[in-house]
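*Asks:* Supplied in structure tokens, the structure appears directly below.
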Amino acid sequence: EQTIYLSDYKEFSHFIDGVELTFQLSPTKTRVKSKIHFRPNPKAPEQAFFLHGEHLKLISAHIDGVKISPTLTETGLTAEVPTGPFIFEAEVEISPETNTALEGLYMSNGMYCTQCEAEGFRKITYYPDRPDVMATFKVRVESALPVLLSNGNPGTSDEGIAEWHDPWPKPAYLFALVAGDLIAHSDSFTTKSGKDVALNIYVRPGDEDKCAFGMGALKRSMTWDEDVYGREYDLDIFNIVAVDDFNMGAMENKGLNIFNSSCVLASPETSTDANFERIEGIIAHEYFHNWTGNRITCRDWFQLCLKEGLTVFRDQQFTSDMRSHAVKRIDDVITLRGRQFREDNGPLAHPVRPESFVEINNFYTATVYDKGAEVIGMLKRLVGDEDYKRALDLYFERHDGDAATIEDWLKVFEDTTGRDLTQFSKWYSQAGTPRLSVAGEFSDGTYILHFKQATPPTPGQPVKDPRVIPIAVGLLNPNGDEVRETCILEMTEAEQSFRFTGLSTKPIPSILRAFSAPVILERQSSTKERAFLLAHDTDPFNKWEAGRALAKETLVAMLTADAPVNSDFLDALAAVLRDENLDPAFQALALALPSQDDIAQTLFDAGVTPDPMAIYTALETLSQSIAQHLQDLLPRIYAANHVDGPFSSEAAPAGKRALQGAVLGLISRLDGGDQARAQYAAADNMTQQLQALACLLRIDRGQTELASFETQWAQDRLVMDKWFGLQSGLAAPQKAAAITETLTKHAAFDWKNPNRFRAALGGLTGNTAGFHAADGAGYKLVTDWLIKLDAANPQTTARMSTAFDSWRRYDASRQGQMIEQLKRIQATPNLSRDTHEMVTRILG
Ligand code: HT7
Ligand code: ZN
């Protein structure tokens with residue numbers, strides 16, 4: 001297995017002046033004819049001419065019209081080429097129907113579609129499949145299917161033929177083709193400069209009533225990118241296609257975004273509020289890539305965070321603007337801690353810009369995406385909003401049409417602000433989550449905060465340098481008034497102190513406001529101080545964080561010192577629920593407890609071996625205590641947050657439903673599920689139907705509702721994914737593996753469909769105590785299925801194998817069982833490169 005290094009980067013031997021492709025579609029014998037205009041790259045004269053190509057049957061190849069017999073290998077083609085410009089032509093045959101990996105050209109429910117990022121185009125034809133080779137494409141599609149789509153603007157079309165011309169040079173990973181019996185939900189958008197753009201969402205017949213929300217989200221995204229980043233759309237048409245079989249969420253192909261149907265189709269009856277928000281965010285994300293990714297792309301795959309970190313940052317800003325800044329920040333930090341911190345603290349830790357890889361598909365990670373976005377957030381905080389805007393304008397102006405690097409990105413900030421970002425760039429090169437510890441000292445009206453930073457070793461990086469950490473701090477006085485507004489302390493040393501003078505009393509500090517840097521803040525604080533911040537902090541993130549810290553401390557004390565439930569925490573929660581000035585969405589977040597996985601990592605960090613079953617039990621006990629403590633309040637809050645009238649997916653009603661759902665979870669622990677059953681029966685939207693079902697499953701009830709849900713939704717594949725996921729995800733730990741195994745025998749368990757596979761098996765791996773059940777049944781079941789899936793779909797298998805990345809946290813018995821299963825995967829004959837790299841890194 002070959003490792004690719006960033007340091008080995010070399011330009012391609014040639015430029016491409018234009019590409020013409022003809023597709024004659026057939027399920028097992030698609031013919032792809034290519035005509036590529038090459039011109040030598042004077043900066044890479046020593047590079048041999050090599051075209052990527054995998055699983056292709058070469059029918060013929062010509063250079064300048066003369067037939068050639070190129071040298072073929074498993075990875076591509078070499079040939080003797082003229083010293084000047086030349087035309088390379090090839091005809092290849094491929095089999096979309098048997099392509100279960102869902103990379104390249106494949107079929108899903110009778111429809112043809114492509115997925116070329118990162119290296120799928122080489123499964124379509126011979127080509128320099130690397131992001132720094134950009135070209136304009138003309139595509140002709142020949143098929144009897146009614147809808148034939150590709151990138152760019154439509155050209156001439158006739159019965160069974162469609163031509164598309166993309167005037168914007170692009171790398172091959174942004175190529176797309178779709179052909180199928182599809183229905184369009186159409187609309188239009190006029191850009192700020194007055195250009196009319198036709199908009200379409202193409203779906204399978206029957207799904208047309210689930211497109212309106214996505215279309216609205218697309219138009220909101222287009223307006224937002226014009227207003228906030230000054231970016232207009234640049235083609236006559238923007239198409240989105242929904243596909244059922246898809247490895248990830250969606251793909252930003254130029255002018256032809258392809259979406260996992262779960263990330264675009266929405267209706268109140270079938271989608272939860274969380275689905276609506278996610279769909280809006282993903283549509284925005286893919287649309288925003290048109291500038292951050294497509295117009296400015298990446299020089300090589302090591303620069304992936306250049307487009308992904310920035311585009312995640314932009315979609316987070318968008319969702320904040322559309323909904324609530326406070327709630328979105330809390331949600332994003334929960335996700336970051338749950339996915340990225342876990343990655344950064346385990347065997348898969350890698351820098352935001354990795355320096356080597358075996359399989360690039362394995363680096364579409366929370367670190368590249370979510371930490372990549374956090375790094376941009378820090379940059380914005382350090383330079384300020386004005387300079388951020390000026391730097392971005394310069395980025396678009398300077399690099400439009402480029403395949404750029406992180407150095408290019410940082411240089412625009414240096415040139416805009418005059419700052420030296422050498423130390424800041426360590427956020428891109430050093431893996432691991434910094435631990436930031438702080439102690440306060442007060443005397444004579446001066447308050448001093450002493451900070452220390454340290455980052456634990458990560459694979460291949462034993463020693464870390466200090467980083468620039470923007471620490472947002474505000475100070476409150478004991479009445480709860482803010483005596484110092486938020487300021488940004490810029491920490492650059494391993495140890496550094498900051499003073500605040502002219503204070504009359506010892507303040508209560510609110511540190512790392514809005515989670516101003518992706519670090520673990522270690523701060524000794526009393527329960528009283530945390531409860532004070534939960535009640536008074538003017539920074540909504542830190543207000544929530546104080547409650548989260550209280551919950552964690554309570555759980556850790558229960559688990560390590562057999563402590564009773566902390567009544568200060570219960571009182572603080574009651575105060576949050578009683579506070580009518582608070583956003584219900586915030587109250588719902590404050591009621592939610594940390595995940596089992598979060599507690600396991602917290603214990604491990606404190607030198608305690610986590611017992612998954614004990615964690616599950618502690619969380620159950622705490623939830624029960626909260627329910628009892630708040631019991632007088634719960635019915636009133638439940639009733640007060642009832643939403644009348646027609647369903648709206650907007651933030652305010654969704655927030656009320658979220659609070660109602662959180663309260664219902666507590667009520668269910670007191671009334672045996674009566675209220676949940678009533679909500680289930682009355683629900684006219686999926687949010688409330690699913691909430692009620694989940695509440696019942698959590699208290700080990702709900703079998704009648706599960707059966708009626710199945711009958712009601714048997715024909716809706718996206719809703720049935722929820723049905724599968726809920727059962728494996730919420731099963732009691734001892735039964736989780738058995739229940740999941742039963743689900744895999746269900747007639748509707750189509751294991752080759754990634755959504756269904758992830759719902760059932762991913763539900764189990766997300767059910768921490770169930771997956772880690774002491775008898776190893778969870779480990780074994782998941783391994784059996786990963787081995788089976790790998791032969792069909794390496795990408796999804798490799799991603800799901802990360803469930804085992806926490807093995808080092810657990811006791812010897814669990815460690816032994818997990819290692820045994822990882823080795824079983826590793827020893828599987830013909831294991832994919834994707835999964836092999838992943839399990840090898842996990843084993844360490
Ligand atoms: N840029 C895309 C990343 C991606 C992908 C998407 C779907 C299927 C396979 C994929 N491999 C890589 C999605 C995004 O970040 O917007
Ligand atoms: Zn993206």
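For the structure tokens, the naming scheme is as follows: chains receive sequential letters (A, B, ...) according to their order of presentation, residues are indexed from 1 within each chain, and ligands are indexed from 1 in presentation order.
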Run DSSP on the backbone of this structure and report the residues of range 365-593 of chain A it assigns to helix (DSSP H, G or I), as a PyMOL selection string.

*Replies:* chain A and resi 366-383+385-399+406-417+426-429+513-515+527-536+540-561+567-578+584-591

*Asks:* Set the distance at 12 Å and use only C-alpha atoms: which residues neighbour Lys123 in chain A once local chain neighbours fewer than 2 positions away are removed? I'd like the list as a PyMOL selection string.

*Replies:* chain A and resi 30+32+51-58+74-76+92-96+99+101-106+114-121+125-129+172-173

*Asks:* Considering only C-alpha atoms and all ligand atoms, tabulate each residue of chain A that lies at most 6 Å from ligand 1 along with its nearest interatomic pair and the corresponding distance in Å to one decimal; arrange the rows by chain and ascending residue number and present them as a tab-separated table.

*Replies:*
```
residue	atom	partner	partner_atom_place_in_ligand_line	distance
A:Gln115	CA	ligand 1	8 (C)	5.9
A:Glu117	CA	ligand 1	11 (N)	4.9
A:Ala118	CA	ligand 1	12 (C)	5.5
A:Asn247	CA	ligand 1	8 (C)	4.8
A:Met248	CA	ligand 1	7 (C)	4.2
A:Gly249	CA	ligand 1	7 (C)	5.8
A:Ala250	CA	ligand 1	7 (C)	4.9
A:Met251	CA	ligand 1	13 (C)	4.5
A:Glu252	CA	ligand 1	16 (O)	5.7
A:Glu286	CA	ligand 1	16 (O)	5.2
A:Glu308	CA	ligand 1	15 (O)	5.8
```

*Asks:* Which polymer residues have any atom within 6 Å of an atom of range 16-22 of chain A, counting only C-alpha atoms, with same-chain residues fewer than 2 positions away left out, as a ChimeraX atom specification?

*Replies:* /A:32-38,135-141

*Asks:* With only C-alpha atoms and all ligand atoms as the basis for distance, which of A:Thr100, A:Ser221, A:Thr365, A:Ser13 is at the shortest distance from ligand 2?

*Replies:*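 Under the stated criterion, the closest residue is A:Thr365.
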
*Asks:* Sorted by chain and rising residue number, list the residues of chain A at most 9 Å from ligand 2 (counting only C-alpha atoms and all ligand atoms), each with its closest atom pair and distance in Å to one decimal, as a tab-separated table.

*Replies:*
```
residue	atom	partner	partner_atom_place_in_ligand_line	distance
A:Ala250	CA	ligand 2	1 (Zn)	8.1
A:Met251	CA	ligand 2	1 (Zn)	7.3
A:Glu252	CA	ligand 2	1 (Zn)	7.2
A:Ile282	CA	ligand 2	1 (Zn)	8.5
A:His285	CA	ligand 2	1 (Zn)	6.2
A:Glu286	CA	ligand 2	1 (Zn)	6.2
A:Phe288	CA	ligand 2	1 (Zn)	8.6
A:His289	CA	ligand 2	1 (Zn)	6.6
A:Thr292	CA	ligand 2	1 (Zn)	9.0
A:Gly293	CA	ligand 2	1 (Zn)	7.9
A:Lys307	CA	ligand 2	1 (Zn)	6.8
A:Glu308	CA	ligand 2	1 (Zn)	4.7
A:Gly309	CA	ligand 2	1 (Zn)	7.9
A:Leu310	CA	ligand 2	1 (Zn)	8.7
A:Thr311	CA	ligand 2	1 (Zn)	6.0
A:Val312	CA	ligand 2	1 (Zn)	6.7
A:Tyr369	CA	ligand 2	1 (Zn)	7.7
```

*Asks:* For Pro594 in chain A, find every residue with an atom within 10 Å (counting only C-alpha atoms), except residues of its own chain fewer than 3 positions away, and show them as a ChimeraX atom specification.

*Replies:* /A:334,338,548-549,551-552,555,591,597-599,619

*Asks:* Restricting it to C-alpha atoms, dump the selection as a compact mmCIF listing (two decimals), in the first residue's frame.

*Replies:*
```txt
# COMPACT_ATOMS: atom_id res chain seq x y z
CA ILE A 334 -21.61 19.50 20.93
CA GLY A 338 -18.56 14.39 20.09
CA ARG A 548 -23.02 21.10 31.11
CA ALA A 549 -20.04 21.24 33.48
CA ALA A 551 -23.99 17.77 34.82
CA LYS A 552 -20.62 16.22 34.07
CA LEU A 555 -22.08 12.21 36.84
CA LEU A 591 -31.98 19.89 29.94
CA ASP A 597 -19.33 8.64 25.03
CA ASP A 598 -18.54 12.09 26.43
CA ILE A 599 -18.58 10.76 29.99
CA LEU A 619 -27.34 8.66 33.29
```

*Asks:* Any idea what's packed within 12 Å of Gln496 in chain A, counting only C-alpha atoms, ignoring anything in its chain fewer than 3 positions away? Could you give it as number ranges by chain?

*Replies:* A: 436-439, 448-453, 466-469, 471, 489-493, 499

*Asks:* Next, write the just-selected residues to a file, as an mmCIF file, in the first residue's frame, keeping C-alpha atoms as the atom set.

*Replies:*
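Result went into again32.cif, see below:
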```
data_model
loop_
_atom_site.group_PDB
_atom_site.id
_atom_site.type_symbol
_atom_site.label_atom_id
_atom_site.label_comp_id
_atom_site.auth_asym_id
_atom_site.auth_seq_id
_atom_site.Cartn_x
_atom_site.Cartn_y
_atom_site.Cartn_z
ATOM 1 C CA LEU A 436 -5.969 25.050 28.484
ATOM 2 C CA SER A 437 -5.819 25.373 32.241
ATOM 3 C CA VAL A 438 -6.557 28.565 34.116
ATOM 4 C CA ALA A 439 -6.355 29.927 37.630
ATOM 5 C CA ILE A 448 -5.112 38.134 37.070
ATOM 6 C CA LEU A 449 -5.861 35.089 34.937
ATOM 7 C CA HIS A 450 -2.928 32.663 34.671
ATOM 8 C CA PHE A 451 -3.201 30.339 31.677
ATOM 9 C CA LYS A 452 -1.195 27.256 30.692
ATOM 10 C CA GLN A 453 -1.519 25.352 27.416
ATOM 11 C CA PRO A 466 2.392 26.350 21.884
ATOM 12 C CA ARG A 467 -0.313 27.756 19.618
ATOM 13 C CA VAL A 468 -1.998 31.110 19.298
ATOM 14 C CA ILE A 469 -5.220 30.769 21.285
ATOM 15 C CA ILE A 471 -9.506 33.360 24.612
ATOM 16 C CA LEU A 489 -6.942 37.570 25.087
ATOM 17 C CA GLU A 490 -4.351 36.418 22.595
ATOM 18 C CA MET A 491 -2.330 33.652 24.167
ATOM 19 C CA THR A 492 0.884 32.733 22.362
ATOM 20 C CA GLU A 493 3.096 31.253 25.088
ATOM 21 C CA ARG A 499 -4.572 41.384 34.147
#
```

*Asks:* What lies within 10 Å of range 344-352 of chain A using only C-alpha atoms, ignoring chain neighbours under 3 positions off, as JSON, numbers by chain?

*Replies:* {"A": [302, 303, 304, 305, 306, 309, 337, 339, 340, 341, 355, 356, 362, 363, 365, 366, 367, 368, 369, 370, 371, 372, 373, 375, 426, 427, 428, 429, 430, 431, 432, 433, 434, 456, 457, 458, 459, 460, 461, 601, 605, 802, 805, 806, 807, 808, 809, 838, 839, 840, 841, 842, 843, 844]}
